[in-house]
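Heads up, input_5.pdb below (PDB, C-alpha atoms):
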ATOM      1  CA  MET L 805      53.957  82.438 123.175
ATOM      2  CA  CYS L 806      56.494  81.750 120.484
ATOM      3  CA  THR L 807      59.114  84.316 119.509
ATOM      4  CA  LEU L 808      60.566  84.714 116.060
ATOM      5  CA  PRO L 809      64.327  84.204 115.762
ATOM      6  CA  GLU L 810      66.387  87.332 115.189
ATOM      7  CA  PRO L 811      67.014  87.894 111.472
ATOM      8  CA  ARG L 812      70.553  87.173 110.349
ATOM      9  CA  ARG L 813      72.485  90.385 109.719
ATOM     10  CA  LEU L 814      75.687  91.081 107.829
ATOM     11  CA  PRO L 815      77.595  93.881 109.628
ATOM     12  CA  GLY L 816      79.044  96.735 107.571
ATOM     13  CA  ASP L 817      78.468  97.554 103.913
ATOM     14  CA  LEU L 818      78.039  94.823 101.314
ATOM     15  CA  ALA L 819      80.735  96.505  99.196
ATOM     16  CA  MET L 820      83.225  96.016 102.044
ATOM     17  CA  TRP L 821      82.469  92.292 102.099
ATOM     18  CA  PHE L 822      83.140  92.003  98.359
ATOM     19  CA  PHE L 823      86.389  93.920  98.933
ATOM     20  CA  ILE L 824      87.312  91.559 101.793
ATOM     21  CA  LEU L 825      86.620  88.534  99.582
ATOM     22  CA  ALA L 826      88.851  89.983  96.860
ATOM     23  CA  GLU L 827      91.643  90.612  99.382
ATOM     24  CA  LEU L 828      91.308  87.118 100.875
ATOM     25  CA  SER L 829      91.553  85.655  97.354
ATOM     26  CA  VAL L 830      94.780  87.549  96.606
ATOM     27  CA  PHE L 831      96.302  86.517  99.953
ATOM     28  CA  ALA L 832      95.210  82.911  99.322
ATOM     29  CA  ILE L 833      97.164  82.877  96.041
ATOM     30  CA  LEU L 834     100.279  84.255  97.778
ATOM     31  CA  ILE L 835      99.979  81.850 100.726
ATOM     32  CA  LEU L 836      99.502  78.871  98.392
ATOM     33  CA  ALA L 837     102.482  79.978  96.287
ATOM     34  CA  PHE L 838     104.542  80.052  99.495
ATOM     35  CA  ALA L 839     103.343  76.578 100.552
ATOM     36  CA  VAL L 840     103.878  74.964  97.135
ATOM     37  CA  THR L 841     107.372  76.463  96.780
ATOM     38  CA  GLN L 842     108.191  75.257 100.299
ATOM     39  CA  ALA L 843     107.197  71.718  99.266
ATOM     40  CA  LEU L 844     109.502  71.986  96.232
ATOM     41  CA  LYS L 845     112.481  73.484  98.122
ATOM     42  CA  PRO L 846     112.192  72.315 101.761
ATOM     43  CA  GLU L 847     115.901  72.814 102.558
ATOM     44  CA  VAL L 848     115.943  76.409 101.292
ATOM     45  CA  PHE L 849     112.840  77.192 103.350
ATOM     46  CA  ALA L 850     114.186  75.507 106.500
ATOM     47  CA  GLU L 851     117.395  77.498 106.163
ATOM     48  CA  GLY L 852     115.518  80.756 105.593
ATOM     49  CA  ARG L 853     113.045  80.187 108.420
ATOM     50  CA  ALA L 854     115.943  79.547 110.819
ATOM     51  CA  GLN L 855     116.886  83.216 110.322
ATOM     52  CA  LEU L 856     113.479  84.345 111.645
ATOM     53  CA  ASP L 857     112.617  84.720 115.311
ATOM     54  CA  THR L 858     109.360  82.962 116.231
ATOM     55  CA  SER L 859     108.940  85.045 119.390
ATOM     56  CA  THR L 860     109.050  88.187 117.226
ATOM     57  CA  GLY L 861     106.276  86.693 115.086
ATOM     58  CA  LEU L 862     104.292  85.911 118.245
ATOM     59  CA  ALA L 863     104.732  89.479 119.538
ATOM     60  CA  MET L 864     103.398  90.821 116.223
ATOM     61  CA  THR L 865     100.449  88.401 116.432
ATOM     62  CA  LEU L 866      99.559  89.596 119.931
ATOM     63  CA  SER L 867      99.771  93.251 118.954
ATOM     64  CA  LEU L 868      97.509  92.755 115.900
ATOM     65  CA  LEU L 869      94.966  90.741 117.904
ATOM     66  CA  THR L 870      94.944  93.294 120.736
ATOM     67  CA  ALA L 871      94.377  96.131 118.267
ATOM     68  CA  GLY L 872      91.507  94.036 116.845
ATOM     69  CA  LEU L 873      89.984  93.642 120.314
ATOM     70  CA  LEU L 874      90.230  97.392 121.006
ATOM     71  CA  ALA L 875      88.625  98.215 117.630
ATOM     72  CA  ALA L 876      85.787  95.755 118.318
ATOM     73  CA  LEU L 877      85.276  97.251 121.811
ATOM     74  CA  ALA L 878      85.248 100.745 120.270
ATOM     75  CA  LEU L 879      82.463  99.685 117.920
ATOM     76  CA  GLN L 880      80.413  98.410 120.877
ATOM     77  CA  GLN L 881      80.840 101.755 122.652
ATOM     78  CA  VAL L 882      79.652 103.624 119.556
ATOM     79  CA  ARG L 883      76.596 101.345 119.343
ATOM     80  CA  LEU L 884      75.842 102.438 122.927
ATOM     81  CA  GLN L 885      76.166 106.075 121.762
ATOM     82  CA  ARG L 886      79.371 106.532 123.785
ATOM     83  CA  TRP L 887      81.194 108.230 120.906
ATOM     84  CA  ARG L 888      84.067 109.766 122.892
ATOM     85  CA  ARG L 889      84.844 106.464 124.619
ATOM     86  CA  GLY L 890      84.767 104.804 121.199
ATOM     87  CA  ALA L 891      87.228 107.391 119.864
ATOM     88  CA  GLY L 892      89.573 106.685 122.799
ATOM     89  CA  LEU L 893      89.481 102.947 122.112
ATOM     90  CA  PHE L 894      90.202 103.507 118.405
ATOM     91  CA  VAL L 895      93.247 105.616 119.398
ATOM     92  CA  ALA L 896      94.353 102.807 121.752
ATOM     93  CA  ALA L 897      93.981 100.316 118.865
ATOM     94  CA  LEU L 898      96.104 102.594 116.701
ATOM     95  CA  LEU L 899      98.849 102.791 119.348
ATOM     96  CA  VAL L 900      98.920  98.998 119.769
ATOM     97  CA  ALA L 901      99.081  98.634 115.971
ATOM     98  CA  LEU L 902     102.128 100.930 116.072
ATOM     99  CA  VAL L 903     103.850  98.300 118.235
ATOM    100  CA  TYR L 904     103.379  95.821 115.359
ATOM    101  CA  VAL L 905     104.844  98.357 112.908
ATOM    102  CA  ALA L 906     107.864  98.973 115.160
ATOM    103  CA  ILE L 907     108.534  95.226 115.572
ATOM    104  CA  LYS L 908     108.085  94.564 111.854
ATOM    105  CA  LEU L 909     110.380  97.416 110.812
ATOM    106  CA  THR L 910     113.012  96.223 113.313
ATOM    107  CA  GLU L 911     112.786  92.733 111.825
ATOM    108  CA  TYR L 912     113.046  94.094 108.273
ATOM    109  CA  ALA L 913     116.084  96.218 109.254
ATOM    110  CA  HIS L 914     117.750  93.233 110.932
ATOM    111  CA  LEU L 915     117.205  90.981 107.894
ATOM    112  CA  GLY L 916     118.321  93.720 105.504
ATOM    113  CA  ALA L 917     121.522  94.318 107.500
ATOM    114  CA  ALA L 918     122.235  90.568 107.430
ATOM    115  CA  GLY L 919     121.989  90.593 103.624
ATOM    116  CA  LEU L 920     118.758  88.548 103.657
ATOM    117  CA  GLY L 921     117.000  90.683 101.073
ATOM    118  CA  LEU L 922     114.470  89.934  98.358
ATOM    119  CA  GLU L 923     117.035  88.213  96.143
ATOM    120  CA  HIS L 924     118.845  86.175  98.812
ATOM    121  CA  SER L 925     116.803  82.988  98.293
ATOM    122  CA  THR L 926     113.381  81.795  97.147
ATOM    123  CA  PHE L 927     112.274  81.762 100.782
ATOM    124  CA  PHE L 928     113.168  85.406 101.302
ATOM    125  CA  THR L 929     111.667  86.475  97.949
ATOM    126  CA  LEU L 930     108.333  85.052  99.056
ATOM    127  CA  TYR L 931     108.835  86.192 102.674
ATOM    128  CA  TRP L 932     109.294  89.830 101.615
ATOM    129  CA  LEU L 933     106.438  89.711  99.093
ATOM    130  CA  LEU L 934     103.955  88.047 101.451
ATOM    131  CA  THR L 935     104.777  89.903 104.658
ATOM    132  CA  GLY L 936     105.395  93.183 102.791
ATOM    133  CA  PHE L 937     101.980  92.975 101.142
ATOM    134  CA  HIS L 938     100.401  92.258 104.531
ATOM    135  CA  PHE L 939     102.394  95.125 106.103
ATOM    136  CA  LEU L 940     100.940  97.548 103.539
ATOM    137  CA  HIS L 941      97.464  96.355 104.518
ATOM    138  CA  VAL L 942      98.261  97.011 108.186
ATOM    139  CA  LEU L 943      99.327 100.561 107.294
ATOM    140  CA  LEU L 944      96.067 101.129 105.406
ATOM    141  CA  GLY L 945      94.190  99.637 108.371
ATOM    142  CA  MET L 946      95.894 102.129 110.670
ATOM    143  CA  VAL L 947      94.848 105.025 108.426
ATOM    144  CA  ILE L 948      91.290 103.693 108.679
ATOM    145  CA  LEU L 949      91.549 103.386 112.494
ATOM    146  CA  ALA L 950      92.756 107.003 112.690
ATOM    147  CA  TRP L 951      89.870 108.113 110.460
ATOM    148  CA  LEU L 952      87.402 106.187 112.660
ATOM    149  CA  ALA L 953      88.866 107.765 115.827
ATOM    150  CA  LEU L 954      88.545 111.224 114.323
ATOM    151  CA  GLY L 955      85.043 110.480 113.056
ATOM    152  CA  CYS L 956      83.939 109.282 116.490
ATOM    153  CA  TRP L 957      85.419 112.335 118.189
ATOM    154  CA  ARG L 958      83.728 114.764 115.811
ATOM    155  CA  GLY L 959      80.582 112.653 115.373
ATOM    156  CA  GLY L 960      78.684 112.199 112.155
ATOM    157  CA  LEU L 961      79.957 108.772 111.123
ATOM    158  CA  SER L 962      77.323 106.160 110.400
ATOM    159  CA  VAL L 963      77.452 102.912 112.383
ATOM    160  CA  GLY L 964      77.552 101.033 109.050
ATOM    161  CA  GLY L 965      80.650 102.987 108.007
ATOM    162  CA  LEU L 966      82.283 102.283 111.350
ATOM    163  CA  GLU L 967      81.502  98.573 111.059
ATOM    164  CA  SER L 968      83.063  98.476 107.584
ATOM    165  CA  GLY L 969      86.250 100.149 108.809
ATOM    166  CA  VAL L 970      86.555  97.788 111.772
ATOM    167  CA  LEU L 971      85.890  94.791 109.491
ATOM    168  CA  TYR L 972      88.876  95.784 107.368
ATOM    169  CA  TRP L 973      91.143  95.601 110.422
ATOM    170  CA  HIS L 974      89.760  92.186 111.378
ATOM    171  CA  MET L 975      90.453  90.979 107.826
ATOM    172  CA  VAL L 976      94.111  91.979 108.316
ATOM    173  CA  ASP L 977      94.108  89.932 111.571
ATOM    174  CA  LEU L 978      92.413  86.987 109.843
ATOM    175  CA  VAL L 979      95.100  86.835 107.160
ATOM    176  CA  TRP L 980      97.896  87.109 109.739
ATOM    177  CA  VAL L 981      96.751  84.145 111.872
ATOM    178  CA  VAL L 982      97.129  81.911 108.793
ATOM    179  CA  LEU L 983     100.268  83.643 107.479
ATOM    180  CA  PHE L 984     102.150  83.611 110.809
ATOM    181  CA  PRO L 985     102.349  79.811 111.319
ATOM    182  CA  LEU L 986     103.127  79.219 107.653
ATOM    183  CA  VAL L 987     106.001  81.716 107.481
ATOM    184  CA  TYR L 988     107.424  81.549 111.028
ATOM    185  CA  VAL L 989     106.470  78.198 112.544
ATOM    186  CA  ILE L 990     105.824  75.260 110.203
ATOM    187  CA  GLY L 991     108.984  73.554 109.031
TER     188      GLY L 991
ATOM    189  CA  MET R 498      77.907  87.861 129.546
ATOM    190  CA  SER R 499      77.879  91.241 127.777
ATOM    191  CA  ILE R 500      79.071  91.626 124.181
ATOM    192  CA  SER R 501      82.229  93.398 125.362
ATOM    193  CA  GLN R 502      82.994  90.610 127.838
ATOM    194  CA  GLY R 503      82.467  88.096 125.034
ATOM    195  CA  LEU R 504      84.994  89.987 122.890
ATOM    196  CA  ILE R 505      87.545  89.936 125.714
ATOM    197  CA  VAL R 506      87.058  86.162 126.155
ATOM    198  CA  CYS R 507      87.503  85.745 122.378
ATOM    199  CA  TRP R 508      90.743  87.780 122.486
ATOM    200  CA  ALA R 509      92.077  85.866 125.518
ATOM    201  CA  THR R 510      91.397  82.569 123.718
ATOM    202  CA  LEU R 511      93.211  83.865 120.640
ATOM    203  CA  VAL R 512      96.218  84.834 122.785
ATOM    204  CA  VAL R 513      96.352  81.382 124.413
ATOM    205  CA  LEU R 514      96.022  79.638 121.036
ATOM    206  CA  SER R 515      98.760  81.858 119.550
ATOM    207  CA  VAL R 516     101.150  80.852 122.334
ATOM    208  CA  GLY R 517      99.999  77.256 121.769
ATOM    209  CA  THR R 518     100.867  77.606 118.063
ATOM    210  CA  VAL R 519     104.473  78.501 118.908
ATOM    211  CA  LEU R 520     104.750  75.695 121.494
ATOM    212  CA  ALA R 521     103.249  73.124 119.097
ATOM    213  CA  GLY R 522     105.592  74.323 116.348
ATOM    214  CA  GLY R 523     108.577  73.966 118.696
ATOM    215  CA  SER R 524     107.571  70.349 119.290
ATOM    216  CA  GLY R 525     107.115  69.661 115.575
ATOM    217  CA  LEU R 526     103.347  69.132 115.904
ATOM    218  CA  TRP R 527     102.543  70.553 112.458
ATOM    219  CA  LEU R 528      98.991  69.185 112.330
ATOM    220  CA  ALA R 529      98.208  70.930 115.631
ATOM    221  CA  VAL R 530      99.698  74.172 114.274
ATOM    222  CA  LEU R 531      97.454  73.986 111.202
ATOM    223  CA  LEU R 532      94.347  73.139 113.249
ATOM    224  CA  LEU R 533      95.072  76.034 115.637
ATOM    225  CA  ALA R 534      95.318  78.382 112.641
ATOM    226  CA  VAL R 535      91.812  77.350 111.532
ATOM    227  CA  VAL R 536      90.367  77.728 115.044
ATOM    228  CA  LYS R 537      91.932  81.190 115.419
ATOM    229  CA  ALA R 538      90.604  82.292 112.022
ATOM    230  CA  TRP R 539      87.129  81.057 112.982
ATOM    231  CA  LEU R 540      87.285  82.937 116.311
ATOM    232  CA  ILE R 541      88.143  86.153 114.470
ATOM    233  CA  ALA R 542      85.404  85.578 111.889
ATOM    234  CA  ASP R 543      82.641  84.635 114.327
ATOM    235  CA  GLY R 544      83.725  86.752 117.310
ATOM    236  CA  PHE R 545      85.357  89.924 116.003
ATOM    237  CA  MET R 546      83.736  90.078 112.534
ATOM    238  CA  GLU R 547      80.334  89.118 114.011
ATOM    239  CA  LEU R 548      79.650  86.488 111.363
ATOM    240  CA  ARG R 549      78.014  84.140 113.883
ATOM    241  CA  HIS R 550      74.701  85.876 113.252
ATOM    242  CA  ALA R 551      75.336  86.747 109.580
ATOM    243  CA  PRO R 552      73.658  85.149 106.544
ATOM    244  CA  ARG R 553      74.929  81.581 106.156
ATOM    245  CA  PHE R 554      76.386  82.192 102.675
ATOM    246  CA  TRP R 555      78.780  84.912 103.878
ATOM    247  CA  ARG R 556      79.665  83.050 107.039
ATOM    248  CA  ALA R 557      80.452  79.878 105.062
ATOM    249  CA  LEU R 558      82.658  81.832 102.642
ATOM    250  CA  VAL R 559      84.806  83.375 105.375
ATOM    251  CA  LEU R 560      84.902  80.264 107.605
ATOM    252  CA  GLY R 561      85.780  78.168 104.553
ATOM    253  CA  TRP R 562      88.758  80.364 103.576
ATOM    254  CA  PRO R 563      91.198  79.102 106.269
ATOM    255  CA  VAL R 564      89.931  75.520 105.904
ATOM    256  CA  VAL R 565      90.724  75.424 102.164
ATOM    257  CA  LEU R 566      94.120  77.055 102.707
ATOM    258  CA  VAL R 567      95.126  74.754 105.557
ATOM    259  CA  LEU R 568      93.944  71.670 103.628
ATOM    260  CA  VAL R 569      96.075  72.615 100.622
ATOM    261  CA  VAL R 570      99.064  73.559 102.815
ATOM    262  CA  GLY R 571      98.692  70.236 104.661
ATOM    263  CA  LEU R 572      98.419  68.241 101.438
ATOM    264  CA  VAL R 573     101.447  69.759  99.714
TER     265      VAL R 573
END

Please render this file's structure as structure tokens.
Amino acid sequence: MCTLPEPRRLPGDLAMWFFILAELSVFAILILAFAVTQALKPEVFAEGRAQLDTSTGLAMTLSLLTAGLLAALALQQVRLQRWRRGAGLFVAALLVALVYVAIKLTEYAHLGAAGLGLEHSTFFTLYWLLTGFHFLHVLLGMVILAWLALGCWRGGLSVGGLESGVLYWHMVDLVWVVLFPLVYVIG
Amino acid sequence: MSISQGLIVCWATLVVLSVGTVLAGGSGLWLAVLLLAVVKAWLIADGFMELRHAPRFWRALVLGWPVVLVLVVGLV
């Protein structure tokens, strides 16, 4: 007996995917601007990057990825109708995301105190614009995670809505894994 | 392997590759750093975003995003 293959399925709402594509396009422009300017001013970028701590960038990467894992696990629990367990995992994701925020704010404060602000050099202009824009997306992602946690606790959220919210967080992760090596690692 | 176990394996691989990115960068292996960025983006897209079983058009769009970026970054 032959079995039909499972139909391909796009998780979440289609509108969220169009939103994700728009966001990825904007980040692509910023990332390319960073890369092209680096090629034009390699010394300025090498000097600027030397002021950044790669291990701090790695710690932020691990916190974002771990929050992504917890959000994905929460979605699986909801699919199994374990709503309260899903809510707990969304709260855990939110707490791990807070670690990223704390590290990022510490880094921003350190750079600000050292006089490495937006106008210090071309590197730092693009550093603040690119990472600041990503930081704002993380904050929005955390609002969404909190809303998902609350929705799971109270019940009444659709699985499609939950998938869309979780997808947004993964998009933030996706951008970071390309942004991190470009800003912190590649000389 | 359950879906949750698969997600944990995906996350553990991402962690190892992230550490590998820093080590490769420290050794000046820029090509390896760029390739690791693509692999990590693909793991997030296929594993976390569940695009492995999504319509090919959407999967190709998201999987193509890091490839185009890394190609341009590598070329400039």

With 9 Å as the cut-off and only C-alpha atoms counted, what is the closest atom pair between each nearby residue of chain L and chain R? Distances in Å to one decimal, ordered by chain and number, as a Markdown table.
| residue | atom | partner | partner_atom | distance |
| --- | --- | --- | --- | --- |
| L:Glu810 | CA | R:His550 | CA | 8.7 |
| L:Pro811 | CA | R:His550 | CA | 8.1 |
| L:Arg812 | CA | R:Ala551 | CA | 4.9 |
| L:Arg813 | CA | R:Ala551 | CA | 4.6 |
| L:Leu814 | CA | R:Ala551 | CA | 4.7 |
| L:Pro815 | CA | R:Glu547 | CA | 7.0 |
| L:Trp821 | CA | R:Trp555 | CA | 8.4 |
| L:Leu825 | CA | R:Val559 | CA | 8.0 |
| L:Leu828 | CA | R:Trp562 | CA | 7.7 |
| L:Ser829 | CA | R:Trp562 | CA | 8.6 |
| L:Ala832 | CA | R:Leu566 | CA | 6.9 |
| L:Ile835 | CA | R:Leu566 | CA | 7.8 |
| L:Leu836 | CA | R:Val570 | CA | 6.9 |
| L:Ala839 | CA | R:Val570 | CA | 5.7 |
| L:Val840 | CA | R:Val573 | CA | 6.3 |
| L:Gln842 | CA | R:Val573 | CA | 8.7 |
| L:Ala843 | CA | R:Val573 | CA | 6.1 |
| L:Thr858 | CA | R:Val519 | CA | 7.1 |
| L:Ser859 | CA | R:Val519 | CA | 7.9 |
| L:Leu862 | CA | R:Ser515 | CA | 7.0 |
| L:Thr865 | CA | R:Ser515 | CA | 7.4 |
| L:Leu866 | CA | R:Val512 | CA | 6.5 |
| L:Leu869 | CA | R:Trp508 | CA | 6.9 |
| L:Thr870 | CA | R:Trp508 | CA | 7.1 |
| L:Gly872 | CA | R:Phe545 | CA | 7.4 |
| L:Leu873 | CA | R:Trp508 | CA | 6.3 |
| L:Ala876 | CA | R:Phe545 | CA | 6.3 |
| L:Leu877 | CA | R:Ser501 | CA | 6.1 |
| L:Gln880 | CA | R:Ser501 | CA | 7.0 |
| L:Gln881 | CA | R:Ser501 | CA | 8.9 |
| L:Glu967 | CA | R:Met546 | CA | 8.9 |
| L:Val970 | CA | R:Met546 | CA | 8.2 |
| L:Leu971 | CA | R:Met546 | CA | 6.0 |
| L:His974 | CA | R:Met546 | CA | 6.5 |
| L:Met975 | CA | R:Met546 | CA | 8.3 |
| L:Asp977 | CA | R:Ile541 | CA | 7.6 |
| L:Leu978 | CA | R:Ala538 | CA | 5.5 |
| L:Val979 | CA | R:Ala538 | CA | 8.0 |
| L:Val981 | CA | R:Ala534 | CA | 6.0 |
| L:Val982 | CA | R:Ala534 | CA | 5.5 |
| L:Leu983 | CA | R:Ala534 | CA | 8.9 |
| L:Phe984 | CA | R:Ala534 | CA | 8.8 |
| L:Pro985 | CA | R:Val530 | CA | 6.9 |
| L:Leu986 | CA | R:Val570 | CA | 8.5 |
| L:Tyr988 | CA | R:Val519 | CA | 8.9 |
| L:Val989 | CA | R:Gly522 | CA | 5.5 |
| L:Ile990 | CA | R:Trp527 | CA | 6.2 |
| L:Gly991 | CA | R:Gly525 | CA | 7.8 |

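Across the model, the gap from CA of Val564 (chain R) to CA of Glu851 (chain L) is 27.5 Å.
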
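Our summary of the geometry notes that CA of Leu856 (chain L) is positioned 14.7 Å from CA of Thr926 (chain L).
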
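CA of Ala819 (chain L) sits 29.2 Å away from CA of Ser499 (chain R).
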
I need the residue set behind the PyMOL selection byres ((chain L and resi 929) around 12) for this file; please write it as a PDB file with C-alpha atoms, keeping the file's coordinate frame.
ATOM      1  CA  LEU L 834     100.279  84.255  97.778  1.00  0.00           C
ATOM      2  CA  ALA L 837     102.482  79.978  96.287  1.00  0.00           C
ATOM      3  CA  PHE L 838     104.542  80.052  99.495  1.00  0.00           C
ATOM      4  CA  THR L 841     107.372  76.463  96.780  1.00  0.00           C
ATOM      5  CA  GLN L 842     108.191  75.257 100.299  1.00  0.00           C
ATOM      6  CA  VAL L 848     115.943  76.409 101.292  1.00  0.00           C
ATOM      7  CA  PHE L 849     112.840  77.192 103.350  1.00  0.00           C
ATOM      8  CA  GLY L 852     115.518  80.756 105.593  1.00  0.00           C
ATOM      9  CA  LEU L 920     118.758  88.548 103.657  1.00  0.00           C
ATOM     10  CA  GLY L 921     117.000  90.683 101.073  1.00  0.00           C
ATOM     11  CA  LEU L 922     114.470  89.934  98.358  1.00  0.00           C
ATOM     12  CA  GLU L 923     117.035  88.213  96.143  1.00  0.00           C
ATOM     13  CA  HIS L 924     118.845  86.175  98.812  1.00  0.00           C
ATOM     14  CA  SER L 925     116.803  82.988  98.293  1.00  0.00           C
ATOM     15  CA  THR L 926     113.381  81.795  97.147  1.00  0.00           C
ATOM     16  CA  PHE L 927     112.274  81.762 100.782  1.00  0.00           C
ATOM     17  CA  PHE L 928     113.168  85.406 101.302  1.00  0.00           C
ATOM     18  CA  LEU L 930     108.333  85.052  99.056  1.00  0.00           C
ATOM     19  CA  TYR L 931     108.835  86.192 102.674  1.00  0.00           C
ATOM     20  CA  TRP L 932     109.294  89.830 101.615  1.00  0.00           C
ATOM     21  CA  LEU L 933     106.438  89.711  99.093  1.00  0.00           C
ATOM     22  CA  LEU L 934     103.955  88.047 101.451  1.00  0.00           C
ATOM     23  CA  THR L 935     104.777  89.903 104.658  1.00  0.00           C
ATOM     24  CA  GLY L 936     105.395  93.183 102.791  1.00  0.00           C
TER      25      GLY L 936
END

Exercise. Which polymer residues have any atom within 10 Å of an atom of Leu818 (chain L), counting all atoms listed in the file, with same-chain residues fewer than 4 positions away left out, as an MDAnalysis selection string?
Worked result: chainID L and resid 814 822:824 964 968

Problem set entry | Arg889 (chain L) environment, 9 Å, all atoms listed in the file, sequence neighbours closer than 5 positions dropped, as a list in words | Ala878, Gln881, Val882, Phe894, Cys956 and Trp957 of chain L

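Between Leu966 (chain L) and the candidates L:Ala891, L:Ala826, L:Ala871, L:Val900, the tightest atom-to-atom separation, counting only C-alpha atoms, involves L:Ala891.
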
Take region 870-881 of chain L, bring it up to N, CA, C and O atoms, and give me the output as a PDB file, in the frame of the given file.
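New file result_16.pdb:
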ATOM      1  N   THR L 870      95.362  92.337 119.704  1.00  0.00           N
ATOM      2  CA  THR L 870      94.944  93.294 120.736  1.00  0.00           C
ATOM      3  C   THR L 870      94.351  94.550 120.089  1.00  0.00           C
ATOM      4  O   THR L 870      93.348  95.092 120.574  1.00  0.00           O
ATOM      5  N   ALA L 871      94.956  94.991 118.991  1.00  0.00           N
ATOM      6  CA  ALA L 871      94.377  96.131 118.267  1.00  0.00           C
ATOM      7  C   ALA L 871      92.983  95.759 117.754  1.00  0.00           C
ATOM      8  O   ALA L 871      92.059  96.585 117.785  1.00  0.00           O
ATOM      9  N   GLY L 872      92.822  94.507 117.309  1.00  0.00           N
ATOM     10  CA  GLY L 872      91.507  94.036 116.845  1.00  0.00           C
ATOM     11  C   GLY L 872      90.476  94.060 117.958  1.00  0.00           C
ATOM     12  O   GLY L 872      89.336  94.480 117.763  1.00  0.00           O
ATOM     13  N   LEU L 873      90.888  93.617 119.155  1.00  0.00           N
ATOM     14  CA  LEU L 873      89.984  93.642 120.314  1.00  0.00           C
ATOM     15  C   LEU L 873      89.562  95.080 120.615  1.00  0.00           C
ATOM     16  O   LEU L 873      88.374  95.369 120.809  1.00  0.00           O
ATOM     17  N   LEU L 874      90.531  95.992 120.652  1.00  0.00           N
ATOM     18  CA  LEU L 874      90.230  97.392 121.006  1.00  0.00           C
ATOM     19  C   LEU L 874      89.298  98.027 119.961  1.00  0.00           C
ATOM     20  O   LEU L 874      88.400  98.794 120.312  1.00  0.00           O
ATOM     21  N   ALA L 875      89.505  97.680 118.679  1.00  0.00           N
ATOM     22  CA  ALA L 875      88.625  98.215 117.630  1.00  0.00           C
ATOM     23  C   ALA L 875      87.208  97.659 117.789  1.00  0.00           C
ATOM     24  O   ALA L 875      86.217  98.387 117.625  1.00  0.00           O
ATOM     25  N   ALA L 876      87.112  96.365 118.125  1.00  0.00           N
ATOM     26  CA  ALA L 876      85.787  95.755 118.318  1.00  0.00           C
ATOM     27  C   ALA L 876      85.085  96.369 119.532  1.00  0.00           C
ATOM     28  O   ALA L 876      83.876  96.619 119.507  1.00  0.00           O
ATOM     29  N   LEU L 877      85.861  96.616 120.616  1.00  0.00           N
ATOM     30  CA  LEU L 877      85.276  97.251 121.811  1.00  0.00           C
ATOM     31  C   LEU L 877      84.834  98.682 121.502  1.00  0.00           C
ATOM     32  O   LEU L 877      83.795  99.146 121.994  1.00  0.00           O
ATOM     33  N   ALA L 878      85.614  99.370 120.662  1.00  0.00           N
ATOM     34  CA  ALA L 878      85.248 100.745 120.270  1.00  0.00           C
ATOM     35  C   ALA L 878      83.911 100.756 119.548  1.00  0.00           C
ATOM     36  O   ALA L 878      83.047 101.607 119.818  1.00  0.00           O
ATOM     37  N   LEU L 879      83.734  99.773 118.657  1.00  0.00           N
ATOM     38  CA  LEU L 879      82.463  99.685 117.920  1.00  0.00           C
ATOM     39  C   LEU L 879      81.290  99.476 118.872  1.00  0.00           C
ATOM     40  O   LEU L 879      80.217 100.089 118.710  1.00  0.00           O
ATOM     41  N   GLN L 880      81.481  98.634 119.894  1.00  0.00           N
ATOM     42  CA  GLN L 880      80.413  98.410 120.877  1.00  0.00           C
ATOM     43  C   GLN L 880      80.067  99.702 121.617  1.00  0.00           C
ATOM     44  O   GLN L 880      78.892  99.977 121.884  1.00  0.00           O
ATOM     45  N   GLN L 881      81.089 100.483 121.958  1.00  0.00           N
ATOM     46  CA  GLN L 881      80.840 101.755 122.652  1.00  0.00           C
ATOM     47  C   GLN L 881      80.042 102.715 121.776  1.00  0.00           C
ATOM     48  O   GLN L 881      79.136 103.398 122.247  1.00  0.00           O
TER      49      GLN L 881
END
